[in-house]
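K.L.:
Below is entry-v9.pdb; it holds PDB, C-alpha atoms and all ligand atoms.
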ATOM      1  CA  MET A   1      24.499 -20.566 -11.139
ATOM      2  CA  LYS A   2      21.440 -20.315  -8.899
ATOM      3  CA  HIS A   3      17.883 -18.993  -9.056
ATOM      4  CA  PHE A   4      16.354 -16.878  -6.295
ATOM      5  CA  LEU A   5      12.680 -17.734  -6.598
ATOM      6  CA  SER A   6      11.422 -18.328  -3.079
ATOM      7  CA  LEU A   7      12.779 -18.281   0.477
ATOM      8  CA  GLU A   8      11.587 -21.879   0.660
ATOM      9  CA  SER A   9      14.503 -22.965  -1.470
ATOM     10  CA  VAL A  10      17.226 -20.866   0.168
ATOM     11  CA  THR A  11      19.108 -22.373   3.100
ATOM     12  CA  THR A  12      19.736 -20.632   6.417
ATOM     13  CA  ALA A  13      23.448 -20.524   5.649
ATOM     14  CA  ASP A  14      22.822 -18.895   2.280
ATOM     15  CA  ILE A  15      20.473 -16.296   3.793
ATOM     16  CA  LYS A  16      23.107 -15.393   6.371
ATOM     17  CA  ALA A  17      25.775 -15.186   3.673
ATOM     18  CA  ILE A  18      23.575 -12.878   1.569
ATOM     19  CA  LEU A  19      22.876 -10.607   4.561
ATOM     20  CA  CYS A  20      26.578 -10.413   5.304
ATOM     21  CA  ARG A  21      27.389  -9.480   1.701
ATOM     22  CA  ALA A  22      24.587  -6.868   1.711
ATOM     23  CA  SER A  23      26.411  -5.183   4.536
ATOM     24  CA  TYR A  24      29.636  -5.210   2.466
ATOM     25  CA  PHE A  25      27.856  -3.769  -0.585
ATOM     26  CA  LYS A  26      26.349  -1.003   1.536
ATOM     27  CA  ARG A  27      29.603  -0.157   3.297
ATOM     28  CA  GLU A  28      31.728  -0.264   0.152
ATOM     29  CA  ARG A  29      29.206   1.182  -2.261
ATOM     30  CA  LYS A  30      31.792   3.267  -4.099
ATOM     31  CA  HIS A  31      34.556   0.650  -4.198
ATOM     32  CA  HIS A  32      33.017  -2.815  -4.229
ATOM     33  CA  LEU A  33      33.539  -5.638  -6.726
ATOM     34  CA  ARG A  34      31.789  -5.544 -10.110
ATOM     35  CA  PRO A  35      30.814  -9.202 -10.632
ATOM     36  CA  LEU A  36      28.298  -8.419 -13.408
ATOM     37  CA  SER A  37      30.916  -6.803 -15.601
ATOM     38  CA  GLY A  38      30.312  -7.767 -19.254
ATOM     39  CA  GLN A  39      26.795  -9.056 -18.498
ATOM     40  CA  THR A  40      23.354  -7.895 -19.603
ATOM     41  CA  TRP A  41      20.361  -8.559 -17.362
ATOM     42  CA  ALA A  42      16.678  -7.870 -18.026
ATOM     43  CA  LEU A  43      13.842  -6.890 -15.747
ATOM     44  CA  ILE A  44      10.612  -8.408 -17.090
ATOM     45  CA  PHE A  45       7.699  -6.867 -15.212
ATOM     46  CA  SER A  46       3.957  -7.511 -15.537
ATOM     47  CA  LYS A  47       3.093  -5.343 -12.515
ATOM     48  CA  SER A  48       3.907  -1.782 -11.426
ATOM     49  CA  SER A  49       7.016  -1.054  -9.395
ATOM     50  CA  THR A  50       9.018   1.863  -8.044
ATOM     51  CA  ARG A  51      11.449   0.450  -5.474
ATOM     52  CA  THR A  52      12.118  -2.957  -6.998
ATOM     53  CA  ARG A  53      12.635  -1.634 -10.499
ATOM     54  CA  VAL A  54      14.910   1.249  -9.548
ATOM     55  CA  SER A  55      16.925  -0.701  -6.977
ATOM     56  CA  PHE A  56      17.606  -3.539  -9.426
ATOM     57  CA  GLU A  57      18.431  -1.193 -12.311
ATOM     58  CA  VAL A  58      20.843   0.852 -10.184
ATOM     59  CA  GLY A  59      22.213  -2.266  -8.491
ATOM     60  CA  ILE A  60      23.010  -4.073 -11.739
ATOM     61  CA  ARG A  61      24.786  -0.990 -13.096
ATOM     62  CA  GLU A  62      26.768  -0.571  -9.889
ATOM     63  CA  LEU A  63      27.799  -4.235 -10.139
ATOM     64  CA  GLY A  64      29.214  -3.488 -13.591
ATOM     65  CA  GLY A  65      26.388  -4.917 -15.699
ATOM     66  CA  ASP A  66      24.027  -3.561 -18.348
ATOM     67  CA  VAL A  67      20.291  -3.736 -17.761
ATOM     68  CA  MET A  68      17.132  -3.459 -19.836
ATOM     69  CA  PHE A  69      13.583  -3.028 -18.588
ATOM     70  CA  LEU A  70      10.931  -5.015 -20.447
ATOM     71  CA  ASN A  71       7.307  -4.314 -19.707
ATOM     72  CA  ALA A  72       5.768  -7.745 -20.234
ATOM     73  CA  ASN A  73       2.992  -6.147 -22.286
ATOM     74  CA  ASP A  74       5.477  -4.622 -24.731
ATOM     75  CA  ILE A  75       7.066  -7.924 -25.678
ATOM     76  CA  GLN A  76       5.374 -10.858 -27.429
ATOM     77  CA  LEU A  77       4.795 -12.490 -24.036
ATOM     78  CA  GLY A  78       1.955 -10.013 -23.597
ATOM     79  CA  ARG A  79       0.367 -11.249 -26.847
ATOM     80  CA  GLY A  80       0.482 -14.864 -25.759
ATOM     81  CA  GLU A  81       3.952 -16.141 -26.684
ATOM     82  CA  PRO A  82       4.532 -19.015 -24.251
ATOM     83  CA  ILE A  83       6.849 -18.348 -21.317
ATOM     84  CA  LYS A  84       8.976 -21.346 -22.211
ATOM     85  CA  ASP A  85       9.672 -19.954 -25.696
ATOM     86  CA  THR A  86      10.376 -16.451 -24.398
ATOM     87  CA  ALA A  87      12.686 -17.950 -21.791
ATOM     88  CA  ARG A  88      14.626 -19.998 -24.344
ATOM     89  CA  VAL A  89      15.157 -16.948 -26.547
ATOM     90  CA  LEU A  90      16.143 -14.591 -23.758
ATOM     91  CA  GLY A  91      18.336 -17.216 -22.120
ATOM     92  CA  ARG A  92      20.523 -17.267 -25.243
ATOM     93  CA  MET A  93      21.100 -13.517 -25.124
ATOM     94  CA  LEU A  94      20.927 -12.395 -21.518
ATOM     95  CA  HIS A  95      22.976 -13.335 -18.461
ATOM     96  CA  GLY A  96      20.148 -13.070 -15.937
ATOM     97  CA  ALA A  97      16.485 -12.164 -15.500
ATOM     98  CA  ILE A  98      14.496 -10.464 -12.772
ATOM     99  CA  ILE A  99      10.784 -11.125 -13.018
ATOM    100  CA  ARG A 100       7.725  -9.510 -11.418
ATOM    101  CA  THR A 101       4.501 -11.277 -12.312
ATOM    102  CA  PHE A 102       1.376 -12.991 -11.000
ATOM    103  CA  ALA A 103       1.815 -16.782 -10.869
ATOM    104  CA  GLN A 104       4.814 -18.260  -9.042
ATOM    105  CA  HIS A 105       4.717 -21.082 -11.573
ATOM    106  CA  ASP A 106       5.553 -18.615 -14.371
ATOM    107  CA  VAL A 107       8.806 -17.536 -12.713
ATOM    108  CA  GLU A 108       9.724 -21.165 -12.135
ATOM    109  CA  GLU A 109       8.996 -22.056 -15.752
ATOM    110  CA  PHE A 110      11.099 -19.130 -16.965
ATOM    111  CA  ALA A 111      13.973 -20.249 -14.747
ATOM    112  CA  ASN A 112      13.749 -23.841 -15.983
ATOM    113  CA  TYR A 113      13.728 -22.984 -19.659
ATOM    114  CA  SER A 114      16.037 -19.964 -19.751
ATOM    115  CA  ARG A 115      18.851 -21.605 -17.816
ATOM    116  CA  ILE A 116      20.075 -18.198 -16.679
ATOM    117  CA  PRO A 117      19.916 -16.941 -13.078
ATOM    118  CA  THR A 118      16.347 -15.864 -12.430
ATOM    119  CA  VAL A 119      15.191 -13.710  -9.527
ATOM    120  CA  ASN A 120      11.649 -13.397  -8.190
ATOM    121  CA  ALA A 121      10.923  -9.664  -7.922
ATOM    122  CA  LEU A 122       7.397 -10.391  -6.547
ATOM    123  CA  THR A 123       4.731 -12.879  -7.478
ATOM    124  CA  ASP A 124       1.313 -13.473  -5.939
ATOM    125  CA  ALA A 125       2.982 -16.132  -3.797
ATOM    126  CA  GLU A 126       6.155 -14.440  -2.496
ATOM    127  CA  HIS A 127       8.272 -11.311  -2.283
ATOM    128  CA  PRO A 128      11.584 -12.813  -1.147
ATOM    129  CA  CYS A 129      13.868  -9.845  -1.997
ATOM    130  CA  GLN A 130      11.716  -7.608   0.191
ATOM    131  CA  ILE A 131      11.804  -9.819   3.255
ATOM    132  CA  LEU A 132      15.563 -10.400   3.126
ATOM    133  CA  THR A 133      15.913  -6.615   2.963
ATOM    134  CA  ASP A 134      13.591  -6.178   5.942
ATOM    135  CA  ILE A 135      15.643  -8.600   8.002
ATOM    136  CA  PHE A 136      18.870  -6.891   6.939
ATOM    137  CA  THR A 137      17.340  -3.565   8.029
ATOM    138  CA  PHE A 138      16.150  -4.939  11.378
ATOM    139  CA  GLU A 139      19.594  -6.327  12.185
ATOM    140  CA  GLU A 140      21.343  -3.186  10.958
ATOM    141  CA  LEU A 141      19.213  -0.788  13.007
ATOM    142  CA  ARG A 142      19.037  -2.943  16.109
ATOM    143  CA  GLN A 143      22.621  -4.151  15.883
ATOM    144  CA  GLU A 144      21.519  -7.647  16.855
ATOM    145  CA  SER A 145      20.290 -10.833  15.240
ATOM    146  CA  ILE A 146      16.593 -11.338  14.472
ATOM    147  CA  ARG A 147      16.891 -14.858  15.944
ATOM    148  CA  GLY A 148      14.592 -15.236  18.950
ATOM    149  CA  LYS A 149      12.857 -11.915  18.314
ATOM    150  CA  ILE A 150       9.114 -11.366  17.810
ATOM    151  CA  VAL A 151       7.863 -10.093  14.448
ATOM    152  CA  THR A 152       4.183  -9.166  14.147
ATOM    153  CA  PHE A 153       2.599  -8.773  10.729
ATOM    154  CA  VAL A 154      -0.700  -6.894  10.708
ATOM    155  CA  GLY A 155      -3.091  -6.756   7.739
ATOM    156  CA  ASP A 156      -3.617  -8.998   4.721
ATOM    157  CA  GLY A 157      -2.004 -12.154   6.054
ATOM    158  CA  ALA A 158      -2.716 -14.136   2.918
ATOM    159  CA  CYS A 159      -0.630 -12.178   0.411
ATOM    160  CA  ASN A 160       2.935 -12.543  -0.875
ATOM    161  CA  VAL A 161       4.730 -10.501   1.814
ATOM    162  CA  PRO A 162       3.586 -12.505   4.881
ATOM    163  CA  ALA A 163       4.216 -15.721   2.927
ATOM    164  CA  SER A 164       7.884 -14.798   2.574
ATOM    165  CA  TRP A 165       7.956 -13.825   6.262
ATOM    166  CA  ILE A 166       6.681 -17.331   7.082
ATOM    167  CA  TRP A 167       9.601 -18.942   5.243
ATOM    168  CA  ALA A 168      12.042 -16.491   6.830
ATOM    169  CA  ALA A 169      10.784 -17.349  10.337
ATOM    170  CA  ALA A 170      11.425 -21.019   9.678
ATOM    171  CA  ARG A 171      14.913 -20.369   8.303
ATOM    172  CA  LEU A 172      16.079 -17.788  10.893
ATOM    173  CA  ASP A 173      14.293 -19.003  14.013
ATOM    174  CA  PHE A 174      12.333 -15.958  15.147
ATOM    175  CA  GLU A 175       8.715 -15.872  16.307
ATOM    176  CA  LEU A 176       6.249 -14.642  13.694
ATOM    177  CA  ARG A 177       2.715 -13.602  14.617
ATOM    178  CA  ILE A 178       0.271 -12.848  11.832
ATOM    179  CA  ALA A 179      -2.764 -10.767  12.808
ATOM    180  CA  ALA A 180      -5.434 -10.833  10.116
ATOM    181  CA  PRO A 181      -9.184 -11.363   9.763
ATOM    182  CA  LEU A 182     -10.151 -14.997   9.218
ATOM    183  CA  ALA A 183     -10.597 -14.650   5.455
ATOM    184  CA  TYR A 184      -7.142 -13.049   5.075
ATOM    185  CA  GLN A 185      -5.052 -15.577   6.979
ATOM    186  CA  PRO A 186      -2.338 -17.652   5.287
ATOM    187  CA  PRO A 187      -3.288 -21.108   4.030
ATOM    188  CA  THR A 188      -2.745 -23.871   6.597
ATOM    189  CA  GLU A 189      -0.935 -25.915   3.959
ATOM    190  CA  LEU A 190       1.748 -23.210   3.711
ATOM    191  CA  LEU A 191       2.113 -23.077   7.502
ATOM    192  CA  ARG A 192       2.425 -26.844   7.695
ATOM    193  CA  ARG A 193       5.051 -26.962   4.953
ATOM    194  CA  ALA A 194       7.142 -24.127   6.358
ATOM    195  CA  GLY A 195       7.128 -25.093  10.039
ATOM    196  CA  GLY A 196       8.785 -22.587  12.344
ATOM    197  CA  ARG A 197       7.318 -20.594  15.205
ATOM    198  CA  VAL A 198       4.395 -18.980  13.410
ATOM    199  CA  SER A 199       1.044 -18.163  14.994
ATOM    200  CA  ILE A 200      -2.069 -16.761  13.380
ATOM    201  CA  THR A 201      -4.729 -14.719  15.130
ATOM    202  CA  SER A 202      -7.418 -12.165  14.445
ATOM    203  CA  ASP A 203      -6.559 -10.430  17.757
ATOM    204  CA  LEU A 204      -4.099  -7.779  16.611
ATOM    205  CA  TYR A 205      -3.646  -6.382  20.127
ATOM    206  CA  ALA A 206      -2.539  -9.745  21.494
ATOM    207  CA  ALA A 207      -0.236 -10.166  18.491
ATOM    208  CA  ALA A 208       1.405  -6.764  19.009
ATOM    209  CA  ARG A 209       2.120  -7.253  22.701
ATOM    210  CA  GLY A 210       5.891  -7.395  23.274
ATOM    211  CA  ALA A 211       6.732  -7.423  19.552
ATOM    212  CA  ASP A 212      10.188  -6.294  18.428
ATOM    213  CA  LEU A 213       8.966  -5.438  14.939
ATOM    214  CA  LEU A 214       5.523  -4.360  13.757
ATOM    215  CA  TYR A 215       5.128  -4.803  10.022
ATOM    216  CA  THR A 216       2.396  -4.135   7.520
ATOM    217  CA  ASP A 217       1.649  -4.151   3.786
ATOM    218  CA  VAL A 218      -1.149  -2.835   1.588
ATOM    219  CA  TRP A 219      -4.664  -4.203   2.026
ATOM    220  CA  VAL A 220      -5.160  -4.389  -1.741
ATOM    221  CA  SER A 221      -2.272  -6.140  -3.448
ATOM    222  CA  MET A 222      -1.617  -5.783  -7.170
ATOM    223  CA  GLY A 223      -4.071  -7.966  -9.037
ATOM    224  CA  LYS A 224      -6.726  -7.690  -6.310
ATOM    225  CA  GLU A 225      -8.102  -4.318  -7.374
ATOM    226  CA  ALA A 226     -11.534  -5.787  -8.202
ATOM    227  CA  GLU A 227     -11.897  -6.719  -4.506
ATOM    228  CA  SER A 228     -10.826  -3.295  -3.342
ATOM    229  CA  ALA A 229     -14.081  -2.098  -1.712
ATOM    230  CA  GLN A 230     -14.630  -5.406   0.065
ATOM    231  CA  ARG A 231     -11.030  -5.545   1.301
ATOM    232  CA  LEU A 232     -11.110  -2.022   2.683
ATOM    233  CA  LYS A 233     -14.224  -3.000   4.607
ATOM    234  CA  ASN A 234     -12.999  -6.389   5.823
ATOM    235  CA  LEU A 235      -9.512  -5.241   6.798
ATOM    236  CA  ALA A 236     -10.603  -2.016   8.481
ATOM    237  CA  GLY A 237      -9.023  -1.844  11.931
ATOM    238  CA  PHE A 238      -6.021  -4.005  11.022
ATOM    239  CA  GLN A 239      -3.893  -0.895  11.150
ATOM    240  CA  ILE A 240      -0.558   0.001  12.713
ATOM    241  CA  ASN A 241      -1.142   3.128  14.788
ATOM    242  CA  ALA A 242       0.002   4.636  18.081
ATOM    243  CA  SER A 243      -2.164   2.387  20.239
ATOM    244  CA  LEU A 244      -0.753  -0.737  18.597
ATOM    245  CA  VAL A 245       2.832   0.546  18.790
ATOM    246  CA  GLY A 246       2.221   1.251  22.487
ATOM    247  CA  LEU A 247       1.756  -2.497  23.066
ATOM    248  CA  ALA A 248       5.014  -3.489  21.390
ATOM    249  CA  ALA A 249       8.335  -3.925  23.196
ATOM    250  CA  PRO A 250      10.312  -0.791  24.042
ATOM    251  CA  GLY A 251      12.430   0.177  21.005
ATOM    252  CA  ALA A 252      10.250  -1.849  18.627
ATOM    253  CA  LEU A 253      10.687  -1.005  14.959
ATOM    254  CA  VAL A 254       7.804  -0.284  12.592
ATOM    255  CA  MET A 255       8.266  -1.280   8.966
ATOM    256  CA  HIS A 256       6.259  -1.131   5.760
ATOM    257  CA  CYS A 257       7.398  -2.581   2.447
ATOM    258  CA  LEU A 258       5.716   0.376   0.664
ATOM    259  CA  PRO A 259       3.810   1.786  -1.134
ATOM    260  CA  ALA A 260       1.834   2.916   1.936
ATOM    261  CA  TYR A 261      -1.807   3.919   2.039
ATOM    262  CA  ARG A 262      -2.102   6.232   5.017
ATOM    263  CA  GLY A 263      -5.276   5.881   6.985
ATOM    264  CA  LYS A 264      -5.593   2.253   5.838
ATOM    265  CA  GLU A 265      -2.900  -0.237   6.938
ATOM    266  CA  ILE A 266      -0.946   2.506   8.790
ATOM    267  CA  ASP A 267      -1.935   5.950   9.996
ATOM    268  CA  ASP A 268      -0.098   9.062   8.906
ATOM    269  CA  ALA A 269       1.375   9.918  12.318
ATOM    270  CA  THR A 270       2.875   6.430  12.767
ATOM    271  CA  MET A 271       4.210   6.387   9.218
ATOM    272  CA  GLU A 272       5.940   9.737   9.748
ATOM    273  CA  ALA A 273       7.194   8.830  13.230
ATOM    274  CA  HIS A 274       8.904   5.746  11.765
ATOM    275  CA  ALA A 275       9.910   7.248   8.417
ATOM    276  CA  GLU A 276      13.650   6.888   9.104
ATOM    277  CA  THR A 277      13.250   3.136   9.511
ATOM    278  CA  ILE A 278      10.817   2.729   6.627
ATOM    279  CA  PHE A 279      12.918   4.651   4.114
ATOM    280  CA  ALA A 280      16.135   2.966   5.291
ATOM    281  CA  GLU A 281      14.257  -0.263   4.536
ATOM    282  CA  ALA A 282      13.487   1.041   1.033
ATOM    283  CA  GLU A 283      17.126   2.055   0.438
ATOM    284  CA  ASN A 284      18.348  -1.320   1.632
ATOM    285  CA  ARG A 285      16.581  -3.000  -1.276
ATOM    286  CA  LEU A 286      19.554  -1.809  -3.336
ATOM    287  CA  HIS A 287      22.254  -3.260  -1.099
ATOM    288  CA  THR A 288      20.480  -6.535  -0.326
ATOM    289  CA  GLN A 289      19.597  -7.218  -3.940
ATOM    290  CA  LYS A 290      23.188  -6.665  -5.039
ATOM    291  CA  ALA A 291      24.087  -9.450  -2.610
ATOM    292  CA  ILE A 292      21.306 -11.619  -4.048
ATOM    293  CA  LEU A 293      22.568 -11.007  -7.598
ATOM    294  CA  GLU A 294      26.113 -11.939  -6.591
ATOM    295  CA  TRP A 295      24.785 -15.080  -4.866
ATOM    296  CA  THR A 296      23.012 -16.221  -8.061
ATOM    297  CA  LEU A 297      26.393 -16.323  -9.821
ATOM    298  CA  SER A 298      27.938 -18.674  -7.258
TER     299      SER A 298
HETATM  300  N1  LIG B   1       8.071  -2.805  -1.930
HETATM  301  C1  LIG B   1       8.101  -2.901  -3.249
HETATM  302  O1  LIG B   1       8.338  -3.956  -3.824
HETATM  303  O2  LIG B   1       7.836  -1.730  -3.911
HETATM  304  P1  LIG B   1       7.562  -1.567  -5.461
HETATM  305  O3  LIG B   1       6.235  -2.229  -5.763
HETATM  306  O4  LIG B   1       7.522  -0.082  -5.688
HETATM  307  O5  LIG B   1       8.664  -2.224  -6.238
HETATM  308  N1  LIG B   2       1.445  -7.251  -1.348
HETATM  309  C1  LIG B   2       1.803  -6.134  -2.180
HETATM  310  C2  LIG B   2       3.263  -5.860  -2.093
HETATM  311  C3  LIG B   2       3.696  -4.614  -2.810
HETATM  312  C4  LIG B   2       5.173  -4.394  -2.764
HETATM  313  C5  LIG B   2       1.395  -6.426  -3.606
HETATM  314  O1  LIG B   2       1.564  -7.565  -4.057
HETATM  315  O2  LIG B   2       0.903  -5.513  -4.278
END
Could you rewrite the structure in this file as C-alpha cells?
Ligand code: CP
Ligand code: NVA
P.N.:
Amino acid sequence: MKHFLSLESVTTADIKAILCRASYFKRERKHHLRPLSGQTWALIFSKSSTRTRVSFEVGIRELGGDVMFLNANDIQLGRGEPIKDTARVLGRMLHGAIIRTFAQHDVEEFANYSRIPTVNALTDAEHPCQILTDIFTFEELRQESIRGKIVTFVGDGACNVPASWIWAAARLDFELRIAAPLAYQPPTELLRRAGGRVSITSDLYAAARGADLLYTDVWVSMGKEAESAQRLKNLAGFQINASLVGLAAPGALVMHCLPAYRGKEIDDATMEAHAETIFAEAENRLHTQKAILEWTLS
C-alpha cells in the first residue's frame, strides 16, 4: 500500500511505471483490469473541482470500485473534528481516500492516521496528479520522451502547479523555466531541495524562447481570492498569447491545467488554437489517475 501525496516522494522509476500504465488504461478503457473491485473509496474535498472530482469518480467506478463524494463542510471535519480522528474512523471503513484541501500537512496527517492509500488531489503546496497527466499528454502527443525537453511555466510561479513541475523536472530530467514576477516566484528553499535543471526569471520572452511546452495556470488560485485585485494587477502581462507562442520551438505544445480565465493567463485565440491539446490534457486526468490508483495498491 502506498500514498500519492507529492512528487517529491515518488521515484523516477515509479513515475515512468505510472505513465506506462496510464497508456494501458487509455488504450484498454473498455477491457482493462478492475483492481478496485469490492472496494469503496471517498473523495474528501474542501475546495471546488470539476476535472479532478469527475475523473476520480469515473475512474474508480471503471476500476470496479464504489466511490462517495464528501464535501469537507458536510462532515464533522468542517465543524472542527480533528483530521486524525476523522482519518481513524474513515480508515476502518474505506479502502482509499482522495483529498483536496489547503495545507499539505493535513493530507499527510490523514494518510498517517487512516492507514489507507491516500491521494493528494491538490493542496496549496502541490497538484501531483495534474502534472503527471501533463507529462503523459506531452509524451502522447509528441510521441517522444519529455527528457531533455524545455518546459516553460508562465504566471503565478509560487502556487501548487509549478511546485509539482519543479519536482517532475528533477525526477524526469527536463529543463524547467519559470517566468513570474518577483513576488510570485517559487521559494528558494523548494528549488534547493528539489534540484534539477530549473531556472526562474521575470523575463517571460527569454523563458519562452525555444520551449517545447508553454504552460500556464490561473493567476488567482483557490484560497487566494482576497488577493484577487492585487494579483490581476501584478501578474498582468504574464500571459500565453500568439507573440509568446511565436518564440517557442516549432511544434511547441500549449497546455493549461484549467479552469482558464481568458484574457488573463491566456488569451482567447491561443486557448482556442490549442484546445485539442488542452482538452486532451483534461481527458487524460482520467487515464493517468487510474494508473495512480492502481499504483497505490502495490
Ligand atoms: N485542473 C484541475 O484540477 O481542475 P479542477 O479544479 O476542476 O479539478
Ligand atoms: N493553482 C490552481 C490550480 C487549479 C486546478 C489552484 O490551486 O486553484
K.L.:
Which residue is closest to Tyr24 in chain A? Choose from A:Thr101, A:Gln39, A:Asn284, A:Asn73 and count only C-alpha atoms.
P.N.:
A:Asn284
K.L.:
Taking 6 positions as the minimum chain separation for residues in the same chain, which residues sit within 9 Å of range 241-245 of chain A when counting all atoms listed in the file? Answer as a ChimeraX atom specification.
P.N.:
/A:204-205,208-209,211,214,252-254,265-271
K.L.:
Taking all atoms listed in the file into account, produce a table as JSON lines in which each residue of chain A with an atom at most 8 Å from an atom of ligand LIG 1 (chain B) appears once, together with its shortest atom pair and the distance in Å to one decimal, ordered by chain and rising number.
P.N.:
{"residue": "A:Ser48", "atom": "CA", "partner": "B:LIG1", "partner_atom": "O3", "distance": 6.1}
{"residue": "A:Ser49", "atom": "CA", "partner": "B:LIG1", "partner_atom": "O5", "distance": 3.7}
{"residue": "A:Thr50", "atom": "CA", "partner": "B:LIG1", "partner_atom": "O4", "distance": 3.4}
{"residue": "A:Arg51", "atom": "CA", "partner": "B:LIG1", "partner_atom": "O5", "distance": 3.9}
{"residue": "A:Thr52", "atom": "CA", "partner": "B:LIG1", "partner_atom": "O5", "distance": 3.6}
{"residue": "A:Arg53", "atom": "CA", "partner": "B:LIG1", "partner_atom": "O5", "distance": 5.9}
{"residue": "A:Val54", "atom": "CA", "partner": "B:LIG1", "partner_atom": "O5", "distance": 7.9}
{"residue": "A:Ala121", "atom": "CA", "partner": "B:LIG1", "partner_atom": "O1", "distance": 7.5}
{"residue": "A:Leu122", "atom": "CA", "partner": "B:LIG1", "partner_atom": "O1", "distance": 7.1}
{"residue": "A:His127", "atom": "CA", "partner": "B:LIG1", "partner_atom": "O1", "distance": 7.5}
{"residue": "A:Gln130", "atom": "CA", "partner": "B:LIG1", "partner_atom": "N1", "distance": 6.4}
{"residue": "A:Cys257", "atom": "CA", "partner": "B:LIG1", "partner_atom": "N1", "distance": 4.4}
{"residue": "A:Leu258", "atom": "CA", "partner": "B:LIG1", "partner_atom": "N1", "distance": 4.7}
{"residue": "A:Pro259", "atom": "CA", "partner": "B:LIG1", "partner_atom": "O2", "distance": 6.0}
{"residue": "A:Ala282", "atom": "CA", "partner": "B:LIG1", "partner_atom": "N1", "distance": 7.3}
K.L.:
Which residue is closest to His287 in chain A? Choose from A:Ala22, A:Ala163, A:Ala275, A:Ala97 and count only C-alpha atoms.
P.N.:
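Of the candidates, the smallest distance to His287 in chain A is held by A:Ala22.
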K.L.:
Nearest to ligand LIG 2 (chain B) among A:Glu225, A:Glu57, A:Glu281, A:Asp217, with distances taken over all atoms listed in the file: which residue is it?
P.N.:
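Residue with the minimum atom-to-atom distance to ligand LIG 2 (chain B): A:Asp217.
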K.L.:
Given 8 Å of margin on each side, can you work out the centre and size in Å (one decimal) of an axis-aligned box holding every listed atom of ligand LIG 2 (chain B), as AutoDock Vina command-line options?
P.N.:
--center_x 3.0 --center_y -6.0 --center_z -2.8 --size_x 20.3 --size_y 19.2 --size_z 18.9
K.L.:
Is there a way to get, as a PyMOL selection string, all residues within 6 Å of the point (14.9, -21.4, 5.3) in file coordinates, counting all atoms listed in the file?
P.N.:
chain A and resi 8+10-12+167-168+170-171
K.L.:
What would the file look like if the residues just selected were written as an mmCIF file, in the frame of the given file with C-alpha atoms?
P.N.:
data_model
loop_
_atom_site.group_PDB
_atom_site.id
_atom_site.type_symbol
_atom_site.label_atom_id
_atom_site.label_comp_id
_atom_site.auth_asym_id
_atom_site.auth_seq_id
_atom_site.Cartn_x
_atom_site.Cartn_y
_atom_site.Cartn_z
ATOM 1 C CA GLU A 8 11.587 -21.879 0.660
ATOM 2 C CA VAL A 10 17.226 -20.866 0.168
ATOM 3 C CA THR A 11 19.108 -22.373 3.100
ATOM 4 C CA THR A 12 19.736 -20.632 6.417
ATOM 5 C CA TRP A 167 9.601 -18.942 5.243
ATOM 6 C CA ALA A 168 12.042 -16.491 6.830
ATOM 7 C CA ALA A 170 11.425 -21.019 9.678
ATOM 8 C CA ARG A 171 14.913 -20.369 8.303
#
K.L.:
When distances are computed from all atoms listed in the file, which of A:Glu189, A:Leu235, A:Leu247, A:Leu141 shows the smallest separation from Ala206 in chain A?
P.N.:
A:Leu247
K.L.:
Might you pull out every residue within 10 Å of Pro186 in chain A, with only C-alpha atoms counted and same-chain residues fewer than 3 positions away left off, and present them as a compact mmCIF listing (two decimals) with C-alpha atoms, in the coordinates of the input?
P.N.:
# COMPACT_ATOMS: atom_id res chain seq x y z
CA ASP A 156 -3.62 -9.00 4.72
CA GLY A 157 -2.00 -12.15 6.05
CA ALA A 158 -2.72 -14.14 2.92
CA CYS A 159 -0.63 -12.18 0.41
CA ASN A 160 2.94 -12.54 -0.88
CA PRO A 162 3.59 -12.50 4.88
CA ALA A 163 4.22 -15.72 2.93
CA ILE A 166 6.68 -17.33 7.08
CA ILE A 178 0.27 -12.85 11.83
CA ALA A 180 -5.43 -10.83 10.12
CA LEU A 182 -10.15 -15.00 9.22
CA ALA A 183 -10.60 -14.65 5.46
CA GLU A 189 -0.94 -25.92 3.96
CA LEU A 190 1.75 -23.21 3.71
CA LEU A 191 2.11 -23.08 7.50
CA ILE A 200 -2.07 -16.76 13.38
K.L.:
When the PyMOL selection byres (((chain A and resi 216) around 6) and not hetatm) is applied to the file above, which residues end up in the set, as a PDB file with C-alpha atoms, in the coordinates of the input?
P.N.:
ATOM      1  CA  PHE A 153       2.599  -8.773  10.729  1.00  0.00           C
ATOM      2  CA  VAL A 154      -0.700  -6.894  10.708  1.00  0.00           C
ATOM      3  CA  TYR A 215       5.128  -4.803  10.022  1.00  0.00           C
ATOM      4  CA  ASP A 217       1.649  -4.151   3.786  1.00  0.00           C
ATOM      5  CA  HIS A 256       6.259  -1.131   5.760  1.00  0.00           C
TER       6      HIS A 256
END
